[in-house]
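What's in final34.csv: CSV, C-alpha atoms
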chain,number,residue,atom,x,y,z
Y,30,MET,CA,-31.7,-9.7,24.1
Y,31,LEU,CA,-30.1,-9.5,20.6
Y,32,THR,CA,-32.5,-7.6,18.4
Y,33,SER,CA,-32.4,-7.4,14.6
Y,34,LEU,CA,-34.2,-4.6,12.6
Y,35,LYS,CA,-33.6,-5.7,9.1
Y,36,SER,CA,-36.9,-4.4,7.7
Y,37,ALA,CA,-36.5,-1.0,9.4
Y,38,VAL,CA,-33.2,-0.4,7.8
Y,39,LEU,CA,-34.5,-1.0,4.3
Y,40,ALA,CA,-37.5,1.1,5.0
Y,41,ALA,CA,-35.3,3.9,6.1
Y,42,GLY,CA,-33.8,4.3,2.6
Y,43,LEU,CA,-30.9,1.9,2.5
Y,44,ALA,CA,-32.5,-0.2,-0.3
Y,45,LEU,CA,-29.6,0.3,-2.7
Y,46,LEU,CA,-28.9,-1.4,-5.9
Y,47,ALA,CA,-26.0,-3.9,-6.3
Y,48,LEU,CA,-24.7,-6.1,-9.0
Y,49,PRO,CA,-22.7,-9.2,-8.4
Y,50,VAL,CA,-19.3,-7.9,-9.1
Y,51,HIS,CA,-16.9,-10.0,-11.3
Y,52,ALA,CA,-13.7,-10.5,-9.4
Y,53,PHE,CA,-10.5,-9.4,-11.1
Y,54,ASP,CA,-9.1,-12.4,-12.8
Y,55,THR,CA,-5.4,-12.2,-11.7
Y,56,SER,CA,-2.7,-14.6,-12.6
Y,57,ALA,CA,-0.8,-13.6,-9.4
Y,58,ARG,CA,-0.2,-16.4,-6.9
Y,59,ALA,CA,-1.7,-14.1,-4.2
Y,60,ALA,CA,-3.5,-10.7,-4.4
Y,61,TYR,CA,-5.2,-8.3,-2.2
Y,62,VAL,CA,-7.0,-5.1,-3.1
Y,63,ILE,CA,-8.7,-2.7,-0.7
Y,64,ASP,CA,-10.4,0.7,-1.2
Y,65,GLN,CA,-8.7,2.6,1.5
Y,66,THR,CA,-11.3,5.4,1.6
Y,67,THR,CA,-14.1,3.1,2.6
Y,68,GLY,CA,-12.3,0.1,3.9
Y,69,THR,CA,-13.9,-2.2,1.3
Y,70,VAL,CA,-12.0,-5.3,0.3
Y,71,LEU,CA,-12.4,-5.6,-3.5
Y,72,LEU,CA,-10.2,-8.7,-4.1
Y,73,SER,CA,-8.7,-11.3,-1.9
Y,74,LYS,CA,-6.7,-14.3,-3.3
Y,75,ASN,CA,-4.6,-16.4,-1.0
Y,76,ALA,CA,-4.4,-13.3,1.1
Y,77,ASP,CA,-3.2,-14.8,4.4
Y,78,GLU,CA,-0.7,-17.3,2.9
Y,79,PRO,CA,2.9,-16.5,4.1
Y,80,LEU,CA,5.0,-16.1,1.0
Y,81,PRO,CA,8.5,-14.8,0.2
Y,82,PRO,CA,8.0,-11.1,-0.1
Y,83,ALA,CA,11.4,-10.2,-1.7
Y,84,SER,CA,12.1,-6.4,-1.6
Y,85,MET,CA,8.5,-5.6,-0.7
Y,86,SER,CA,9.4,-6.4,2.9
Y,87,LYS,CA,11.7,-3.3,2.8
Y,88,LEU,CA,8.5,-1.5,3.6
Y,89,MET,CA,8.7,-2.8,7.1
Y,90,THR,CA,12.2,-1.4,7.5
Y,91,LEU,CA,11.0,1.9,6.2
Y,92,TYR,CA,8.1,1.9,8.7
Y,93,VAL,CA,10.4,1.3,11.6
Y,94,ALA,CA,12.7,4.0,10.3
Y,95,PHE,CA,9.9,6.5,10.0
Y,96,GLU,CA,8.9,5.7,13.6
Y,97,ALA,CA,12.4,6.5,14.7
Y,98,LEU,CA,12.3,9.8,12.9
Y,99,ARG,CA,9.0,10.7,14.5
Y,100,ASP,CA,10.3,9.7,17.9
Y,101,GLY,CA,13.6,11.6,17.5
Y,102,ARG,CA,15.8,8.5,17.5
Y,103,LEU,CA,16.9,9.4,14.0
Y,104,THR,CA,17.1,12.7,12.1
Y,105,LEU,CA,17.1,13.1,8.3
Y,106,ASP,CA,20.5,14.9,8.3
Y,107,GLU,CA,22.2,12.4,10.6
Y,108,THR,CA,24.9,10.3,8.9
Y,109,LEU,CA,25.3,6.6,9.6
Y,110,PRO,CA,28.4,4.3,9.0
Y,111,VAL,CA,28.4,1.4,6.6
Y,112,SER,CA,29.5,-1.9,8.0
Y,113,GLU,CA,31.3,-4.8,6.2
Y,114,HIS,CA,28.0,-6.7,6.5
Y,115,ALA,CA,26.0,-4.0,4.8
Y,116,MET,CA,28.6,-3.7,2.0
Y,117,SER,CA,28.6,-7.4,1.5
Y,118,TYR,CA,25.1,-7.5,0.0
Y,119,GLY,CA,24.6,-7.9,-3.7
Y,120,GLY,CA,21.5,-7.5,-5.8
Y,121,SER,CA,20.1,-4.0,-5.9
Y,122,THR,CA,22.4,-1.7,-3.9
Y,123,MET,CA,23.6,1.9,-3.5
Y,124,PHE,CA,27.2,0.6,-3.9
Y,125,LEU,CA,28.0,1.8,-0.4
Y,126,ASN,CA,31.4,1.0,1.1
Y,127,THR,CA,32.9,1.1,4.6
Y,128,GLN,CA,34.5,4.5,3.9
Y,129,ASP,CA,31.0,6.1,3.6
Y,130,ARG,CA,28.9,7.9,6.2
Y,131,VAL,CA,25.5,8.4,4.6
Y,132,ARG,CA,22.7,10.8,5.4
Y,133,VAL,CA,19.5,9.1,6.7
Y,134,GLU,CA,17.5,10.9,4.0
Y,135,ASP,CA,19.7,9.5,1.3
Y,136,LEU,CA,19.4,6.0,2.8
Y,137,LEU,CA,15.6,6.3,2.8
Y,138,ARG,CA,15.6,7.4,-0.9
Y,139,GLY,CA,18.1,4.6,-1.6
Y,140,ILE,CA,15.7,2.1,-0.2
Y,141,ILE,CA,12.5,3.4,-1.8
Y,142,VAL,CA,13.8,4.4,-5.3
Y,143,LEU,CA,16.8,2.2,-5.7
Y,144,SER,CA,15.8,-0.8,-3.6
Y,145,GLY,CA,19.1,-0.7,-1.9
Y,146,ASN,CA,19.8,-3.8,0.1
Y,147,ASP,CA,22.9,-2.2,1.6
Y,148,ALA,CA,20.9,0.9,2.7
Y,149,CYS,CA,18.4,-1.3,4.5
Y,150,VAL,CA,21.2,-2.9,6.6
Y,151,VAL,CA,22.7,0.5,7.5
Y,152,ILE,CA,19.4,1.6,8.9
Y,153,ALA,CA,18.8,-1.8,10.5
Y,154,GLU,CA,22.1,-1.8,12.4
Y,155,ALA,CA,21.6,1.8,13.6
Y,156,LEU,CA,18.2,0.9,15.1
Y,157,SER,CA,18.7,-2.7,16.1
Y,158,PRO,CA,18.4,-3.5,19.8
Y,159,ASP,CA,21.7,-5.4,19.7
Y,160,GLY,CA,23.4,-3.6,16.7
Y,161,THR,CA,22.9,-6.5,14.3
Y,162,GLU,CA,20.7,-6.9,11.3
Y,163,ALA,CA,19.3,-10.2,12.8
Y,164,GLY,CA,18.3,-8.3,16.0
Y,165,PHE,CA,16.6,-5.7,13.9
Y,166,ALA,CA,14.7,-8.4,12.0
Y,167,ARG,CA,13.5,-9.8,15.3
Y,168,TYR,CA,12.3,-6.4,16.3
Y,169,MET,CA,10.5,-6.0,12.9
Y,170,THR,CA,8.7,-9.3,13.5
Y,171,GLN,CA,7.6,-8.2,17.0
Y,172,ARG,CA,6.5,-4.7,15.7
Y,173,ALA,CA,4.5,-6.4,12.9
Y,174,ARG,CA,2.6,-8.5,15.4
Y,175,GLN,CA,1.7,-5.4,17.3
Y,176,MET,CA,0.3,-3.9,14.1
Y,177,GLY,CA,-1.9,-6.9,13.5
Y,178,MET,CA,0.4,-8.4,10.8
Y,179,ASN,CA,0.1,-12.0,12.0
Y,180,HIS,CA,1.5,-13.8,8.9
Y,181,SER,CA,4.8,-12.0,8.7
Y,182,ASN,CA,8.2,-13.1,9.9
Y,183,PHE,CA,11.5,-11.4,9.1
Y,184,THR,CA,15.0,-12.8,9.1
Y,185,ASN,CA,16.7,-9.8,7.5
Y,186,SER,CA,16.0,-6.1,6.7
Y,187,ASN,CA,15.8,-6.2,2.9
Y,188,GLY,CA,14.0,-9.3,1.7
Y,189,TRP,CA,17.1,-11.2,0.6
Y,190,PRO,CA,16.1,-14.8,0.1
Y,191,ALA,CA,16.2,-16.7,3.5
Y,192,ALA,CA,14.4,-19.5,5.1
Y,193,GLY,CA,11.5,-18.2,7.2
Y,194,HIS,CA,11.4,-14.7,5.7
Y,195,MET,CA,7.7,-14.5,4.9
Y,196,MET,CA,4.8,-12.0,4.5
Y,197,SER,CA,1.2,-12.4,3.4
Y,198,VAL,CA,-0.2,-10.0,0.8
Y,199,HIS,CA,-2.8,-9.0,3.4
Y,200,ASP,CA,-0.1,-8.0,5.8
Y,201,LEU,CA,1.6,-6.1,3.1
Y,202,ALA,CA,-1.6,-4.2,2.4
Y,203,VAL,CA,-2.0,-3.4,6.1
Y,204,LEU,CA,1.6,-2.1,6.1
Y,205,ALA,CA,1.0,0.0,3.1
Y,206,ASP,CA,-2.1,1.5,4.6
Y,207,ARG,CA,-0.2,2.4,7.8
Y,208,LEU,CA,2.6,4.0,5.8
Y,209,ILE,CA,0.2,6.2,4.0
Y,210,THR,CA,-1.9,7.0,7.0
Y,211,ASP,CA,0.7,7.3,9.7
Y,212,PHE,CA,3.5,9.1,7.8
Y,213,PRO,CA,2.0,11.5,5.2
Y,214,GLU,CA,5.1,13.7,5.5
Y,215,TYR,CA,7.3,10.9,4.1
Y,216,TYR,CA,4.9,9.2,1.8
Y,217,PRO,CA,5.7,11.5,-1.2
Y,218,LEU,CA,9.1,9.8,-1.3
Y,219,PHE,CA,7.4,6.8,-2.8
Y,220,ALA,CA,6.4,8.7,-5.9
Y,221,GLU,CA,10.0,9.8,-6.8
Y,222,GLU,CA,10.9,8.3,-10.1
Y,223,THR,CA,14.7,8.8,-9.9
Y,224,PHE,CA,17.4,9.2,-7.3
Y,225,GLU,CA,21.0,9.7,-8.2
Y,226,PHE,CA,23.2,9.0,-5.2
Y,227,ASP,CA,26.7,10.5,-5.5
Y,228,GLY,CA,26.9,9.6,-9.2
Y,229,ARG,CA,28.3,6.2,-8.3
Y,230,ALA,CA,25.5,3.9,-9.7
Y,231,PRO,CA,24.3,5.4,-13.0
Y,232,SER,CA,22.7,2.0,-13.9
Y,233,ASN,CA,20.5,2.1,-10.8
Y,234,VAL,CA,18.8,5.5,-10.6
Y,235,ASN,CA,15.2,4.7,-11.6
Y,236,ASN,CA,12.2,3.7,-9.5
Y,237,ARG,CA,11.1,0.2,-10.5
Y,238,ASN,CA,7.4,0.9,-9.9
Y,239,PRO,CA,5.9,0.6,-13.5
Y,240,LEU,CA,2.8,2.7,-12.7
Y,241,LEU,CA,4.4,6.0,-11.7
Y,242,LYS,CA,4.6,7.3,-15.3
Y,243,LEU,CA,1.1,6.3,-16.4
Y,244,ASP,CA,-1.0,9.2,-15.1
Y,245,ILE,CA,-3.5,7.0,-13.3
Y,246,GLY,CA,-2.9,8.4,-9.8
Y,247,ALA,CA,-0.2,5.9,-8.8
Y,248,ASP,CA,2.1,7.3,-6.1
Y,249,GLY,CA,3.7,4.2,-4.4
Y,250,LEU,CA,4.9,1.9,-3.0
Y,251,LYS,CA,7.4,-0.9,-3.7
Y,252,THR,CA,8.3,-3.6,-6.1
Y,253,GLY,CA,9.9,-6.9,-5.3
Y,254,HIS,CA,11.6,-9.8,-7.2
Y,255,THR,CA,13.5,-12.9,-6.5
Y,256,GLN,CA,13.6,-16.2,-8.3
Y,257,GLU,CA,11.6,-17.8,-5.4
Y,258,ALA,CA,9.1,-15.0,-4.9
Y,259,GLY,CA,8.5,-14.1,-8.5
Y,260,TYR,CA,7.5,-10.5,-9.4
Y,261,GLY,CA,5.4,-8.5,-7.0
Y,262,LEU,CA,4.2,-5.0,-6.3
Y,263,VAL,CA,2.7,-3.2,-3.4
Y,264,GLY,CA,0.9,-0.3,-5.0
Y,265,SER,CA,-1.4,2.6,-4.3
Y,266,ALA,CA,-3.3,5.0,-6.5
Y,267,LYS,CA,-5.6,8.0,-5.8
Y,268,GLN,CA,-8.2,9.3,-8.1
Y,269,GLY,CA,-10.4,12.1,-6.9
Y,270,ASP,CA,-11.3,11.4,-3.2
Y,271,ARG,CA,-10.7,7.6,-3.5
Y,272,ARG,CA,-7.5,5.8,-2.8
Y,273,VAL,CA,-6.9,2.1,-3.6
Y,274,VAL,CA,-4.1,0.0,-2.0
Y,275,PHE,CA,-3.2,-3.3,-3.7
Y,276,VAL,CA,-0.7,-6.1,-3.5
Y,277,LEU,CA,0.3,-8.6,-6.2
Y,278,SER,CA,2.7,-11.4,-5.6
Y,279,GLY,CA,4.1,-14.3,-7.6
Y,280,LEU,CA,3.8,-13.0,-11.1
Y,281,ASP,CA,6.1,-14.5,-13.8
Y,282,SER,CA,7.7,-11.5,-15.4
Y,283,ILE,CA,8.3,-7.8,-15.2
Y,284,SER,CA,5.9,-7.1,-18.1
Y,285,ARG,CA,3.2,-9.2,-16.5
Y,286,ARG,CA,3.6,-7.3,-13.2
Y,287,ALA,CA,3.2,-4.0,-15.0
Y,288,GLU,CA,0.1,-5.2,-17.0
Y,289,GLU,CA,-1.6,-6.7,-13.9
Y,290,ALA,CA,-0.9,-3.7,-11.7
Y,291,GLU,CA,-2.3,-1.2,-14.2
Y,292,ALA,CA,-5.4,-3.4,-14.8
Y,293,VAL,CA,-6.0,-3.7,-11.1
Y,294,VAL,CA,-6.0,0.1,-10.7
Y,295,ASN,CA,-8.3,0.6,-13.6
Y,296,TRP,CA,-10.7,-2.1,-12.5
Y,297,SER,CA,-10.9,-0.8,-9.0
Y,298,PHE,CA,-11.8,2.7,-10.0
Y,299,ARG,CA,-14.1,2.0,-12.9
Y,300,ASN,CA,-16.2,-0.8,-11.5
Y,301,PHE,CA,-17.1,0.7,-8.1
Y,302,ILE,CA,-18.6,3.9,-6.9
Y,303,GLU,CA,-19.0,5.6,-3.6
Y,304,ARG,CA,-22.6,6.3,-2.3
Y,305,THR,CA,-23.7,8.1,0.8
Y,306,VAL,CA,-26.3,5.8,2.2
Y,307,ALA,CA,-27.2,7.6,5.4
Y,308,ASN,CA,-26.3,10.9,7.2
Y,309,ALA,CA,-25.5,11.6,10.8
Y,310,GLU,CA,-28.7,13.6,11.3
Y,311,THR,CA,-31.4,11.2,10.1
Y,312,PRO,CA,-32.2,8.1,12.2
Y,313,ILE,CA,-32.3,4.9,10.2
Y,314,ALA,CA,-34.0,2.9,13.0
Y,315,GLN,CA,-35.5,3.1,16.4
Y,316,ALA,CA,-34.3,1.0,19.4
Y,317,LYS,CA,-36.5,0.2,22.4
Y,318,VAL,CA,-35.6,1.8,25.7
Y,319,TRP,CA,-36.0,0.3,29.1
Y,320,MET,CA,-37.1,2.6,32.0
Y,321,GLY,CA,-36.6,5.7,29.9
Y,322,ALA,CA,-38.4,9.0,29.7
Y,323,GLN,CA,-39.3,7.9,26.1
Y,324,LYS,CA,-39.9,4.4,24.8
Y,325,THR,CA,-37.5,4.5,21.9
Y,326,VAL,CA,-34.3,6.2,20.8
Y,327,GLY,CA,-33.2,7.0,17.2
Y,328,LEU,CA,-30.1,5.3,15.8
Y,329,VAL,CA,-27.8,7.2,13.5
Y,330,PRO,CA,-24.4,6.7,12.0
Y,331,GLY,CA,-21.5,8.4,13.9
Y,332,GLY,CA,-21.0,10.5,10.7
Y,333,ASP,CA,-22.3,10.5,7.1
Y,334,LEU,CA,-22.1,6.9,6.0
Y,335,THR,CA,-20.4,6.5,2.6
Y,336,LEU,CA,-19.9,3.0,1.2
Y,337,LEU,CA,-18.5,1.5,-2.0
Y,338,PHE,CA,-20.8,-0.4,-4.3
Y,339,PRO,CA,-20.6,-1.9,-7.8
Y,340,VAL,CA,-21.5,0.7,-10.4
Y,341,LEU,CA,-24.6,-1.1,-11.8
Y,342,GLY,CA,-27.2,-3.2,-10.1
Y,343,ASP,CA,-30.5,-4.8,-10.1
Y,344,GLN,CA,-31.4,-6.0,-6.6
Y,345,ASN,CA,-31.5,-4.7,-3.0
Y,346,VAL,CA,-28.6,-4.8,-0.6
Y,347,GLN,CA,-29.1,-7.0,2.5
Y,348,ALA,CA,-28.9,-4.7,5.5
Y,349,GLU,CA,-29.9,-4.9,9.2
Y,350,VAL,CA,-29.5,-3.2,12.6
Y,351,VAL,CA,-28.4,-5.4,15.4
Y,352,TYR,CA,-28.3,-4.4,19.1
Y,353,GLN,CA,-28.7,-5.7,22.6
Y,354,GLY,CA,-32.1,-4.5,23.8
Y,355,PRO,CA,-34.1,-3.0,25.2
Y,356,ILE,CA,-31.4,-0.4,26.0
Y,357,ASN,CA,-31.2,0.8,29.6
Y,358,ALA,CA,-31.8,4.5,30.3
Y,359,PRO,CA,-30.2,6.9,30.7
Y,360,ILE,CA,-28.7,7.2,27.3
Y,361,ALA,CA,-26.3,9.9,26.1
Y,362,LYS,CA,-26.4,11.4,22.6
Y,363,GLY,CA,-23.6,9.8,20.5
Y,364,GLN,CA,-23.4,6.7,22.7
Y,365,GLN,CA,-22.8,3.6,20.6
Y,366,LEU,CA,-25.8,1.4,20.8
Y,367,ALA,CA,-26.0,-0.8,17.7
Y,368,GLU,CA,-24.3,-2.0,14.6
Y,369,LEU,CA,-25.4,-1.6,11.0
Y,370,VAL,CA,-24.6,-4.8,9.0
Y,371,ILE,CA,-24.7,-4.4,5.2
Y,372,GLN,CA,-24.0,-7.2,2.7
Y,373,PRO,CA,-23.5,-5.9,-0.9
Y,374,GLU,CA,-23.6,-8.8,-3.2
Y,375,GLY,CA,-20.2,-9.8,-4.4
Y,376,LEU,CA,-18.4,-7.9,-1.7
Y,377,PRO,CA,-17.5,-8.7,1.9
Y,378,GLU,CA,-19.9,-7.8,4.7
Y,379,ILE,CA,-19.7,-4.2,6.0
Y,380,ARG,CA,-20.2,-3.4,9.6
Y,381,ARG,CA,-20.6,0.2,10.9
Y,382,PRO,CA,-21.5,1.5,14.4
Y,383,LEU,CA,-24.8,3.3,15.1
Y,384,VAL,CA,-25.1,5.8,18.0
Y,385,ALA,CA,-27.9,7.5,19.9
Y,386,ALA,CA,-29.5,10.4,18.0
Y,387,GLU,CA,-30.5,12.1,21.3
Y,388,ASP,CA,-30.3,12.0,25.0
Y,389,VAL,CA,-32.8,9.8,26.8
Y,390,ALA,CA,-33.2,10.5,30.5
Y,391,MET,CA,-34.2,7.9,33.1
Y,392,GLY,CA,-38.0,7.8,33.4
Y,393,GLY,CA,-39.7,9.3,36.5
Y,394,PHE,CA,-41.3,7.3,39.3
Y,395,LEU,CA,-44.5,6.8,37.4
Y,396,VAL,CA,-42.7,5.5,34.3
Y,397,ARG,CA,-40.8,3.0,36.4
Y,398,LEU,CA,-43.9,2.0,38.3
Y,399,MET,CA,-45.9,1.4,35.2
Y,400,THR,CA,-43.0,-0.6,33.6
Y,401,VAL,CA,-42.7,-2.9,36.6
Y,402,GLY,CA,-46.5,-3.2,36.9
Y,403,GLY,CA,-46.7,-4.2,33.3
Y,404,ILE,CA,-44.2,-6.9,33.8
Y,405,VAL,CA,-46.0,-8.2,36.9
Y,406,LEU,CA,-49.3,-8.2,35.0
Y,407,LYS,CA,-47.8,-10.0,32.0
Y,408,ASP,CA,-46.4,-12.7,34.3
Y,409,MET,CA,-49.8,-13.1,35.9
Y,410,ILE,CA,-51.5,-13.5,32.6
Y,411,ASN,CA,-49.0,-16.0,31.4
Y,412,THR,CA,-49.1,-18.1,34.6
Y,413,PRO,CA,-51.6,-21.0,34.6
Y,414,LEU,CA,-54.3,-20.8,37.3
Y,415,GLU,CA,-53.3,-24.2,38.9
Y,416,SER,CA,-49.8,-22.8,39.7
Y,417,MET,CA,-51.1,-19.8,41.5
What is this structure when it is put down as structure tokens?
Amino acid sequence: MLTSLKSAVLAAGLALLALPVHAFDTSARAAYVIDQTTGTVLLSKNADEPLPPASMSKLMTLYVAFEALRDGRLTLDETLPVSEHAMSYGGSTMFLNTQDRVRVEDLLRGIIVLSGNDACVVIAEALSPDGTEAGFARYMTQRARQMGMNHSNFTNSNGWPAAGHMMSVHDLAVLADRLITDFPEYYPLFAEETFEFDGRAPSNVNNRNPLLKLDIGADGLKTGHTQEAGYGLVGSAKQGDRRVVFVLSGLDSISRRAEEAEAVVNWSFRNFIERTVANAETPIAQAKVWMGAQKTVGLVPGGDLTLLFPVLGDQNVQAEVVYQGPINAPIAKGQQLAELVIQPEGLPEIRRPLVAAEDVAMGGFLVRLMTVGGIVLKDMINTPLESM
């Protein structure tokens, strides 16, 4: 039976204050902001709409390259050839030519800092299942699906305008989160402000991320712009122990992108605060036990439970414990038994697992006999005399 313990949760000390938070008023066509530390979505606008991502889709090429480095299929010091196809790209480039053999590390910096379309193709052709950029794009799409990015489709490695080359801002946020989490050894590359490759492109040495020089904790990730896509940015910033990841897409100018991105970061850190609402040692509810040596078992978070809430507030958060019960004994300490559901006003619902606070052994013969006897007696009491 599905059991809800809403009142028990509030009585256990989770009656926190919350204020209906005012959503950030962005002029971006699509936007997504998540507090990476707690997993709280702070803003979602057209988040799952597939849109042209421009150079922001280079992040997927980088992710695949980082996987290849981790797996030993590439090395940073390895040099790769430049094809006619790679050299043919315009837009932002490293000005590579077919006489070059370029170190993988330089190519990665060329993609991140210089947004090199040609550098992406060199990496793509090296890792492609069939040696072509198109084959690599198909691999990118397949890998994105495996990562839960269901609104992304790639036709090239660099975001050059093409029919069907699409990503949602939600998918871009998932990708940014994975880059930060899965490859901490390479993530510092995204904070580099300049990269001078071989002195051949003095007009293209600066990172286009407008936040890196603002001293607001920004340290990544990638800008993008085409006429069709508008101006966009996948960004991240860390202040104290909190990290925010955000995506803006479809802005109408470079200056507007810079203003919106800075405003999003400031809004995210100034209007929300972390609060530890429960610890791993103190049960927040009791669940009924079936055929156990004790009648109930305490429910605790798997670890200290820290959540994000609006800074100010004037009413209780809605919270409850839900589980299938009574729970059959034996029960092992740490066994997941229930789920804590919290609904801060103005923010998405938060769900966290609850586990057993202690072991509960199977009850002895007398316990089982009394339990069965109680059921029989209850059935007898509830059965009309004429049916007996």
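Within 8 Å of region 296-311 of chain Y there are Gly42, Leu43, Phe53, Asp64, Leu71, Gln268, Val273, Ala292, Val293, Val294, Ile313, Val329, Pro330, Gly331, Gly332, Asp333, Leu334, Thr335, Leu336, Leu337, Phe338, Pro339, Val340 and Ala386 of chain Y, counting only C-alpha atoms and ignoring same-chain residues fewer than 2 positions away.
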Could you save those same residues with C-alpha atoms as a compact mmCIF listing (two decimals), in the frame of the given file?
# COMPACT_ATOMS: atom_id res chain seq x y z
CA GLY Y 42 -33.80 4.30 2.60
CA LEU Y 43 -30.90 1.90 2.50
CA PHE Y 53 -10.50 -9.40 -11.10
CA ASP Y 64 -10.40 0.70 -1.20
CA LEU Y 71 -12.40 -5.60 -3.50
CA GLN Y 268 -8.20 9.30 -8.10
CA VAL Y 273 -6.90 2.10 -3.60
CA ALA Y 292 -5.40 -3.40 -14.80
CA VAL Y 293 -6.00 -3.70 -11.10
CA VAL Y 294 -6.00 0.10 -10.70
CA ILE Y 313 -32.30 4.90 10.20
CA VAL Y 329 -27.80 7.20 13.50
CA PRO Y 330 -24.40 6.70 12.00
CA GLY Y 331 -21.50 8.40 13.90
CA GLY Y 332 -21.00 10.50 10.70
CA ASP Y 333 -22.30 10.50 7.10
CA LEU Y 334 -22.10 6.90 6.00
CA THR Y 335 -20.40 6.50 2.60
CA LEU Y 336 -19.90 3.00 1.20
CA LEU Y 337 -18.50 1.50 -2.00
CA PHE Y 338 -20.80 -0.40 -4.30
CA PRO Y 339 -20.60 -1.90 -7.80
CA VAL Y 340 -21.50 0.70 -10.40
CA ALA Y 386 -29.50 10.40 18.00
Neighbour list for region 228-235 of chain Y as a PyMOL selection string, cut-off 7 Å, all atoms listed in the file, skip fewer than 5 positions in-chain
chain Y and resi 123-124+142-143+222-223
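As for CA of Arg380 (chain Y) and CA of Leu366 (chain Y), they are spaced 13.4 Å apart.
If you measure from each of Y:Glu107, Y:Glu387, Y:Glu288, Y:Glu349 to Ile371 (chain Y) using all atoms listed in the file, the closest one turns out to be Y:Glu349.
In terms of minimum interatomic distance to Val274 (chain Y), Y:Ile209 ranks closest within Y:Ala115, Y:Ala316, Y:Ala322, Y:Ile209, counting all atoms listed in the file.
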